[in-house]
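Data block for start-v6.cif (mmCIF, C-alpha atoms):
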data_protein
loop_
_atom_site.group_PDB
_atom_site.id
_atom_site.type_symbol
_atom_site.label_atom_id
_atom_site.label_comp_id
_atom_site.auth_asym_id
_atom_site.auth_seq_id
_atom_site.Cartn_x
_atom_site.Cartn_y
_atom_site.Cartn_z
ATOM 1 C CA MET A 14 -22.935 -8.770 -35.124
ATOM 2 C CA LYS A 15 -19.918 -8.712 -37.433
ATOM 3 C CA PRO A 16 -20.522 -9.230 -41.155
ATOM 4 C CA ARG A 17 -19.349 -12.635 -42.287
ATOM 5 C CA LYS A 18 -17.916 -13.676 -45.588
ATOM 6 C CA LYS A 19 -16.139 -16.668 -47.007
ATOM 7 C CA THR A 20 -12.380 -16.118 -47.115
ATOM 8 C CA GLU A 21 -9.546 -18.220 -48.476
ATOM 9 C CA ALA A 22 -7.433 -20.433 -46.235
ATOM 10 C CA SER A 23 -4.158 -19.238 -47.793
ATOM 11 C CA GLY A 24 -3.208 -17.165 -44.723
ATOM 12 C CA VAL A 25 -3.509 -20.138 -42.348
ATOM 13 C CA ARG A 26 -0.319 -22.025 -41.559
ATOM 14 C CA VAL A 27 0.740 -24.811 -39.224
ATOM 15 C CA VAL A 28 3.562 -23.443 -37.067
ATOM 16 C CA ALA A 29 4.155 -26.515 -34.868
ATOM 17 C CA ARG A 30 3.327 -30.223 -34.925
ATOM 18 C CA ALA A 31 4.035 -32.860 -32.268
ATOM 19 C CA ALA A 32 2.794 -36.167 -30.855
ATOM 20 C CA LEU A 33 0.462 -35.852 -27.864
ATOM 21 C CA PRO A 34 -0.425 -39.034 -25.976
ATOM 22 C CA THR A 35 -3.402 -38.432 -23.650
ATOM 23 C CA ARG A 36 -5.801 -40.373 -21.446
ATOM 24 C CA TYR A 37 -8.244 -40.212 -24.389
ATOM 25 C CA GLY A 38 -5.813 -41.663 -26.946
ATOM 26 C CA ARG A 39 -2.861 -40.594 -29.025
ATOM 27 C CA PHE A 40 -3.258 -37.352 -30.947
ATOM 28 C CA THR A 41 -1.118 -35.034 -33.007
ATOM 29 C CA VAL A 42 -1.154 -31.500 -31.598
ATOM 30 C CA LEU A 43 -0.869 -28.615 -34.045
ATOM 31 C CA GLY A 44 -0.321 -24.925 -33.494
ATOM 32 C CA VAL A 45 -2.064 -22.965 -36.249
ATOM 33 C CA GLU A 46 -2.264 -19.288 -36.999
ATOM 34 C CA ASP A 47 -3.594 -16.950 -39.652
ATOM 35 C CA ALA A 48 -0.739 -14.685 -40.685
ATOM 36 C CA LYS A 49 -3.201 -12.149 -42.102
ATOM 37 C CA THR A 50 -5.518 -11.760 -39.107
ATOM 38 C CA GLY A 51 -3.367 -12.872 -36.164
ATOM 39 C CA ASP A 52 -5.913 -15.522 -35.128
ATOM 40 C CA SER A 53 -4.450 -18.668 -33.578
ATOM 41 C CA ALA A 54 -5.648 -21.987 -32.214
ATOM 42 C CA LEU A 55 -4.545 -25.338 -30.876
ATOM 43 C CA VAL A 56 -5.697 -28.340 -32.892
ATOM 44 C CA LEU A 57 -5.761 -31.988 -31.836
ATOM 45 C CA GLU A 58 -5.781 -34.319 -34.830
ATOM 46 C CA ARG A 59 -6.564 -38.033 -34.918
ATOM 47 C CA GLY A 60 -6.236 -40.146 -38.038
ATOM 48 C CA ALA A 61 -6.593 -38.907 -41.597
ATOM 49 C CA THR A 62 -8.883 -35.891 -41.934
ATOM 50 C CA HIS A 63 -8.732 -35.463 -45.722
ATOM 51 C CA ASN A 64 -8.881 -37.532 -48.932
ATOM 52 C CA GLY A 65 -12.521 -38.517 -48.535
ATOM 53 C CA HIS A 66 -12.586 -38.952 -44.764
ATOM 54 C CA VAL A 67 -15.397 -37.237 -42.837
ATOM 55 C CA PRO A 68 -13.790 -36.482 -39.457
ATOM 56 C CA LEU A 69 -15.623 -35.977 -36.181
ATOM 57 C CA VAL A 70 -14.947 -32.344 -35.234
ATOM 58 C CA ARG A 71 -15.361 -30.319 -32.066
ATOM 59 C CA ILE A 72 -14.764 -26.554 -32.082
ATOM 60 C CA HIS A 73 -14.300 -25.661 -28.437
ATOM 61 C CA SER A 74 -14.049 -22.149 -27.029
ATOM 62 C CA GLN A 75 -11.552 -21.723 -24.208
ATOM 63 C CA CYS A 76 -13.085 -21.630 -20.728
ATOM 64 C CA LEU A 77 -10.390 -21.273 -18.091
ATOM 65 C CA THR A 78 -12.833 -21.426 -15.181
ATOM 66 C CA GLY A 79 -14.474 -24.585 -16.487
ATOM 67 C CA ASP A 80 -11.782 -26.417 -18.467
ATOM 68 C CA VAL A 81 -8.954 -25.770 -15.967
ATOM 69 C CA LEU A 82 -10.554 -24.943 -12.609
ATOM 70 C CA GLY A 83 -13.535 -27.288 -12.873
ATOM 71 C CA SER A 84 -16.261 -24.662 -12.452
ATOM 72 C CA LYS A 85 -19.787 -26.086 -12.290
ATOM 73 C CA ARG A 86 -21.355 -22.819 -13.487
ATOM 74 C CA CYS A 87 -21.091 -24.123 -17.072
ATOM 75 C CA ASP A 88 -20.779 -27.435 -18.902
ATOM 76 C CA CYS A 89 -17.595 -26.510 -20.811
ATOM 77 C CA ARG A 90 -15.241 -29.004 -19.185
ATOM 78 C CA ALA A 91 -17.793 -31.795 -19.468
ATOM 79 C CA GLN A 92 -18.276 -30.979 -23.165
ATOM 80 C CA LEU A 93 -14.517 -30.932 -23.724
ATOM 81 C CA GLU A 94 -14.064 -34.311 -22.042
ATOM 82 C CA MET A 95 -16.993 -35.805 -23.971
ATOM 83 C CA ALA A 96 -15.545 -34.532 -27.246
ATOM 84 C CA LEU A 97 -12.070 -35.892 -26.494
ATOM 85 C CA GLU A 98 -13.505 -39.291 -25.599
ATOM 86 C CA GLN A 99 -15.563 -39.494 -28.792
ATOM 87 C CA ILE A 100 -12.809 -38.194 -31.074
ATOM 88 C CA GLY A 101 -10.344 -40.543 -29.346
ATOM 89 C CA ARG A 102 -12.555 -43.474 -30.392
ATOM 90 C CA ALA A 103 -13.243 -42.170 -33.898
ATOM 91 C CA ARG A 104 -11.421 -43.264 -37.020
ATOM 92 C CA SER A 105 -10.550 -39.635 -37.697
ATOM 93 C CA GLY A 106 -11.240 -36.390 -35.897
ATOM 94 C CA LEU A 107 -10.193 -32.891 -34.970
ATOM 95 C CA LEU A 108 -10.600 -30.736 -31.898
ATOM 96 C CA LEU A 109 -10.020 -27.005 -32.407
ATOM 97 C CA TYR A 110 -9.394 -25.157 -29.139
ATOM 98 C CA LEU A 111 -10.000 -21.443 -29.630
ATOM 99 C CA PRO A 112 -9.095 -18.479 -27.380
ATOM 100 C CA GLN A 113 -12.677 -17.154 -27.274
ATOM 101 C CA GLU A 114 -13.193 -16.880 -23.512
ATOM 102 C CA GLY A 115 -16.651 -15.899 -22.313
ATOM 103 C CA ARG A 116 -18.285 -16.216 -25.758
ATOM 104 C CA GLY A 117 -15.671 -13.800 -27.047
ATOM 105 C CA ILE A 118 -15.668 -11.078 -24.353
ATOM 106 C CA GLY A 119 -12.423 -12.171 -22.658
ATOM 107 C CA LEU A 120 -11.587 -13.554 -19.232
ATOM 108 C CA LEU A 121 -11.849 -10.403 -17.111
ATOM 109 C CA ASN A 122 -15.141 -9.383 -18.673
ATOM 110 C CA LYS A 123 -16.419 -12.921 -18.134
ATOM 111 C CA LEU A 124 -15.613 -12.548 -14.432
ATOM 112 C CA ARG A 125 -17.492 -9.237 -14.426
ATOM 113 C CA ALA A 126 -20.397 -11.095 -16.020
ATOM 114 C CA TYR A 127 -20.173 -13.714 -13.257
ATOM 115 C CA GLU A 128 -20.543 -10.910 -10.700
ATOM 116 C CA LEU A 129 -23.706 -9.717 -12.434
ATOM 117 C CA GLN A 130 -25.023 -13.275 -12.603
ATOM 118 C CA ASP A 131 -24.542 -13.563 -8.851
ATOM 119 C CA ARG A 132 -26.942 -10.599 -8.591
ATOM 120 C CA GLY A 133 -29.595 -12.426 -10.611
ATOM 121 C CA LEU A 134 -28.867 -11.798 -14.304
ATOM 122 C CA ASP A 135 -28.495 -14.679 -16.727
ATOM 123 C CA THR A 136 -25.490 -14.999 -19.047
ATOM 124 C CA VAL A 137 -27.115 -13.136 -21.939
ATOM 125 C CA GLU A 138 -28.391 -10.306 -19.714
ATOM 126 C CA ALA A 139 -24.980 -9.976 -18.050
ATOM 127 C CA ASN A 140 -23.126 -9.700 -21.375
ATOM 128 C CA ARG A 141 -25.552 -7.049 -22.575
ATOM 129 C CA GLN A 142 -25.299 -5.147 -19.291
ATOM 130 C CA LEU A 143 -21.559 -4.951 -19.956
ATOM 131 C CA GLY A 144 -22.189 -3.597 -23.459
ATOM 132 C CA PHE A 145 -21.560 -6.790 -25.454
ATOM 133 C CA ASP A 146 -23.689 -8.920 -27.745
ATOM 134 C CA ALA A 147 -24.920 -12.169 -26.253
ATOM 135 C CA ASP A 148 -22.313 -14.091 -28.281
ATOM 136 C CA LEU A 149 -19.377 -12.422 -30.050
ATOM 137 C CA ARG A 150 -17.762 -15.582 -31.385
ATOM 138 C CA ASP A 151 -16.942 -15.833 -35.070
ATOM 139 C CA TYR A 152 -16.274 -19.160 -36.754
ATOM 140 C CA GLY A 153 -14.664 -17.855 -39.936
ATOM 141 C CA PHE A 154 -11.158 -18.699 -38.691
ATOM 142 C CA PRO A 155 -12.077 -22.278 -37.679
ATOM 143 C CA ALA A 156 -13.589 -22.762 -41.145
ATOM 144 C CA ARG A 157 -10.302 -21.628 -42.709
ATOM 145 C CA VAL A 158 -8.352 -23.995 -40.455
ATOM 146 C CA LEU A 159 -10.568 -26.926 -41.445
ATOM 147 C CA ARG A 160 -10.128 -26.123 -45.124
ATOM 148 C CA LYS A 161 -6.362 -25.844 -44.644
ATOM 149 C CA LEU A 162 -6.342 -29.327 -43.082
ATOM 150 C CA GLY A 163 -8.443 -30.720 -45.908
ATOM 151 C CA ALA A 164 -11.543 -31.294 -43.758
ATOM 152 C CA ARG A 165 -14.201 -29.787 -46.010
ATOM 153 C CA ARG A 166 -16.871 -32.337 -45.015
ATOM 154 C CA ILE A 167 -17.282 -32.981 -41.305
ATOM 155 C CA ARG A 168 -19.462 -34.405 -38.566
ATOM 156 C CA LEU A 169 -19.748 -31.629 -35.976
ATOM 157 C CA LEU A 170 -20.039 -32.185 -32.230
ATOM 158 C CA SER A 171 -22.210 -29.218 -31.280
ATOM 159 C CA ASN A 172 -25.580 -28.075 -29.966
ATOM 160 C CA ASN A 173 -25.235 -24.638 -31.571
ATOM 161 C CA PRO A 174 -27.065 -24.073 -34.899
ATOM 162 C CA ASP A 175 -25.235 -20.762 -35.416
ATOM 163 C CA LYS A 176 -21.913 -22.601 -35.387
ATOM 164 C CA VAL A 177 -23.205 -24.934 -38.096
ATOM 165 C CA ALA A 178 -24.447 -22.009 -40.173
ATOM 166 C CA GLN A 179 -21.196 -20.052 -39.883
ATOM 167 C CA LEU A 180 -19.066 -23.044 -40.836
ATOM 168 C CA GLU A 181 -21.217 -23.715 -43.877
ATOM 169 C CA GLU A 182 -20.929 -20.051 -44.855
ATOM 170 C CA GLY A 183 -17.168 -20.578 -44.602
ATOM 171 C CA GLY A 184 -17.170 -23.436 -47.096
ATOM 172 C CA ILE A 185 -17.451 -26.423 -44.738
ATOM 173 C CA GLU A 186 -20.156 -29.009 -45.329
ATOM 174 C CA VAL A 187 -21.587 -30.229 -42.031
ATOM 175 C CA VAL A 188 -22.915 -33.604 -43.094
ATOM 176 C CA LYS A 189 -24.152 -34.382 -39.583
ATOM 177 C CA ARG A 190 -24.560 -32.485 -36.318
ATOM 178 C CA VAL A 191 -23.718 -34.760 -33.399
ATOM 179 C CA PRO A 192 -25.174 -33.629 -30.035
ATOM 180 C CA CYS A 193 -22.615 -32.723 -27.363
ATOM 181 C CA GLN A 194 -24.725 -32.676 -24.215
ATOM 182 C CA PRO A 195 -23.222 -34.100 -21.036
ATOM 183 C CA GLY A 196 -25.420 -34.250 -17.954
ATOM 184 C CA SER A 197 -26.401 -31.005 -16.235
ATOM 185 C CA THR A 198 -25.993 -30.131 -12.562
ATOM 186 C CA ARG A 199 -28.024 -27.896 -10.294
ATOM 187 C CA HIS A 200 -25.328 -25.250 -10.772
ATOM 188 C CA SER A 201 -25.393 -25.354 -14.595
ATOM 189 C CA ARG A 202 -29.101 -25.868 -15.250
ATOM 190 C CA ARG A 203 -30.019 -22.170 -15.509
ATOM 191 C CA TYR A 204 -26.996 -21.556 -17.732
ATOM 192 C CA LEU A 205 -28.096 -24.341 -20.082
ATOM 193 C CA ARG A 206 -31.706 -23.168 -20.167
ATOM 194 C CA THR A 207 -30.509 -19.689 -21.149
ATOM 195 C CA LYS A 208 -28.478 -21.201 -23.983
ATOM 196 C CA ARG A 209 -31.561 -23.097 -25.119
ATOM 197 C CA ASP A 210 -34.141 -20.330 -24.725
ATOM 198 C CA LYS A 211 -32.143 -17.220 -25.691
ATOM 199 C CA LEU A 212 -29.367 -18.512 -27.946
ATOM 200 C CA GLY A 213 -31.243 -21.299 -29.716
ATOM 201 C CA HIS A 214 -28.974 -24.165 -28.667
ATOM 202 C CA LEU A 215 -30.484 -27.590 -29.273
ATOM 203 C CA LEU A 216 -30.655 -29.013 -25.747
ATOM 204 C CA ALA A 217 -33.084 -31.607 -24.456
ATOM 205 C CA GLY A 218 -34.187 -32.672 -21.011
ATOM 206 C CA ILE A 219 -33.234 -29.565 -19.083
#

Step by step, read the file and then write its structure as C-alpha cells.
Amino acid sequence: MKPRKKTEASGVRVVARAALPTRYGRFTVLGVEDAKTGDSALVLERGATHNGHVPLVRIHSQCLTGDVLGSKRCDCRAQLEMALEQIGRARSGLLLYLPQEGRGIGLLNKLRAYELQDRGLDTVEANRQLGFDADLRDYGFPARVLRKLGARRIRLLSNNPDKVAQLEEGGIEVVKRVPCQPGSTRHSRRYLRTKRDKLGHLLAGI
C-alpha cells in the first residue's frame, strides 16, 4: 500500500469546461488534471458546489467492461447510473470519473484477472495471483480535485469505508456517507460478497 499524505491542490487545473445535457439532467463537464503528477479525470458538475453548499459526490473508477459493454460480472454500470440519477436530482453534486480500471491494475490485467476468476478465484485472489494488492486505488488526487472546486464538505455516494478515510486524510469532510447499492444479479453476487467480506465494503442483503 502506498503511503498517503495530504497535499495541496495548487497543481490541479481545469483544462476544459462545457455544457453536457444528458438523460439524467444538464451537467457541466470538466476536464481536470494535476500538472505535477499527470493525474487526470472527467468531472460532471451540477449546481453550486462551493460557498457553503454540501454537494452529493460520487467518485467512480472507470470500468470499460461494465460501464460501456454492460458486463454483469460487476455492479459498476448500475452504480454509475444510480449516481447520475441521484446527482441529477440533487441541488448540487459532482461525479468524478477516474481512469482506475480494475481497482488500479489496468484493463489488460483486469482481463487476466477475469481469466483467473473463470478458474474459480475471486477478485481479490485473482489480483494477488497476478502480483497486485487487492485494491491499488488512491484517492489523494480526487481529494485535491474536490478542494480545487471548493467542495471541502460533501455527501459521498459510496459503500467503501477506505474511500471515506482517504478523502478525509486529504482534507475533505465527509458529512454523510450515502449508500450506493443497486440490486445484485446472479452474475455479480459473488463479486459483491467478496467486496463485503474481504474489502470491508458496507453492503447489505447479499

Surrounding residues of region 56-68 of chain A excluding itself and chain neighbours under 5 positions, 9 Å, all atoms listed in the file, as a ChimeraX atom specification: /A:33,38-45,100-101,103-111,162-169,188

Which residues fall under the PyMOL selection byres ((chain A and resi 148) around 10) in this file, as number ranges by chain? A: 14, 115-118, 136-137, 140-141, 145-147, 149-151, 212

Quick one: distance from CA of Pro195 (chain A) to CA of Met95 (chain A) in Å, one decimal? 7.1 Å

Give as a PyMOL selection string the set of residues within 12 Å of the point (-24.1, -34.6, -28.8), where distances use the file's coordinates and all atoms listed in the file. chain A and resi 69-71+91-93+95-96+99+168-173+189-196+214-217

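In this model, the gap between CA of Ser53 (chain A) and CA of Phe154 (chain A) comes to 8.4 Å.
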
One-decimal distance in Å that lies between CA of Thr78 (chain A) and CA of Arg125 (chain A):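 So the two atoms, CA of Arg125 (chain A) and CA of Thr78 (chain A), lie 13.1 Å apart.
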
Evaluating the PyMOL selection byres ((chain A and resi 47) around 12) on the displayed file yields which residues, as a PDB file with C-alpha atoms, in the coordinates of the input?
ATOM      1  CA  THR A  20     -12.380 -16.118 -47.115  1.00  0.00           C
ATOM      2  CA  GLU A  21      -9.546 -18.220 -48.476  1.00  0.00           C
ATOM      3  CA  ALA A  22      -7.433 -20.433 -46.235  1.00  0.00           C
ATOM      4  CA  SER A  23      -4.158 -19.238 -47.793  1.00  0.00           C
ATOM      5  CA  GLY A  24      -3.208 -17.165 -44.723  1.00  0.00           C
ATOM      6  CA  VAL A  25      -3.509 -20.138 -42.348  1.00  0.00           C
ATOM      7  CA  ARG A  26      -0.319 -22.025 -41.559  1.00  0.00           C
ATOM      8  CA  VAL A  27       0.740 -24.811 -39.224  1.00  0.00           C
ATOM      9  CA  VAL A  28       3.562 -23.443 -37.067  1.00  0.00           C
ATOM     10  CA  GLY A  44      -0.321 -24.925 -33.494  1.00  0.00           C
ATOM     11  CA  VAL A  45      -2.064 -22.965 -36.249  1.00  0.00           C
ATOM     12  CA  GLU A  46      -2.264 -19.288 -36.999  1.00  0.00           C
ATOM     13  CA  ALA A  48      -0.739 -14.685 -40.685  1.00  0.00           C
ATOM     14  CA  LYS A  49      -3.201 -12.149 -42.102  1.00  0.00           C
ATOM     15  CA  THR A  50      -5.518 -11.760 -39.107  1.00  0.00           C
ATOM     16  CA  GLY A  51      -3.367 -12.872 -36.164  1.00  0.00           C
ATOM     17  CA  ASP A  52      -5.913 -15.522 -35.128  1.00  0.00           C
ATOM     18  CA  SER A  53      -4.450 -18.668 -33.578  1.00  0.00           C
ATOM     19  CA  ALA A  54      -5.648 -21.987 -32.214  1.00  0.00           C
ATOM     20  CA  GLY A 153     -14.664 -17.855 -39.936  1.00  0.00           C
ATOM     21  CA  PHE A 154     -11.158 -18.699 -38.691  1.00  0.00           C
ATOM     22  CA  PRO A 155     -12.077 -22.278 -37.679  1.00  0.00           C
ATOM     23  CA  ALA A 156     -13.589 -22.762 -41.145  1.00  0.00           C
ATOM     24  CA  ARG A 157     -10.302 -21.628 -42.709  1.00  0.00           C
ATOM     25  CA  VAL A 158      -8.352 -23.995 -40.455  1.00  0.00           C
ATOM     26  CA  LYS A 161      -6.362 -25.844 -44.644  1.00  0.00           C
TER      27      LYS A 161
END

Starting from the PyMOL selection byres ((chain A and resi 87) around 10), expand the selection into actual residues of this file and give them as an MDAnalysis selection string. chainID A and resid 76 78:80 83:86 88:92 197:198 200:205

List as a short mmCIF file (atom, residue, chain, number, x, y, z; two decimals) with C-alpha atoms, in the frame of the given file the protein and nucleic acid residues near Glu138 (chain A), meaning an atom at most 9 Å away when only C-alpha atoms are counted, but skip any in the same chain fewer than 6 places from it.
data_model
loop_
_atom_site.label_atom_id
_atom_site.label_comp_id
_atom_site.auth_asym_id
_atom_site.auth_seq_id
_atom_site.Cartn_x
_atom_site.Cartn_y
_atom_site.Cartn_z
CA ALA A 126 -20.40 -11.10 -16.02
CA LEU A 129 -23.71 -9.72 -12.43
CA GLN A 130 -25.02 -13.28 -12.60
CA ALA A 147 -24.92 -12.17 -26.25
#

Using all atoms listed in the file, find the one residue out of A:Ala32, A:Leu120, A:Leu180, A:Leu143 that sits nearest to Gln75 (chain A). A:Leu120
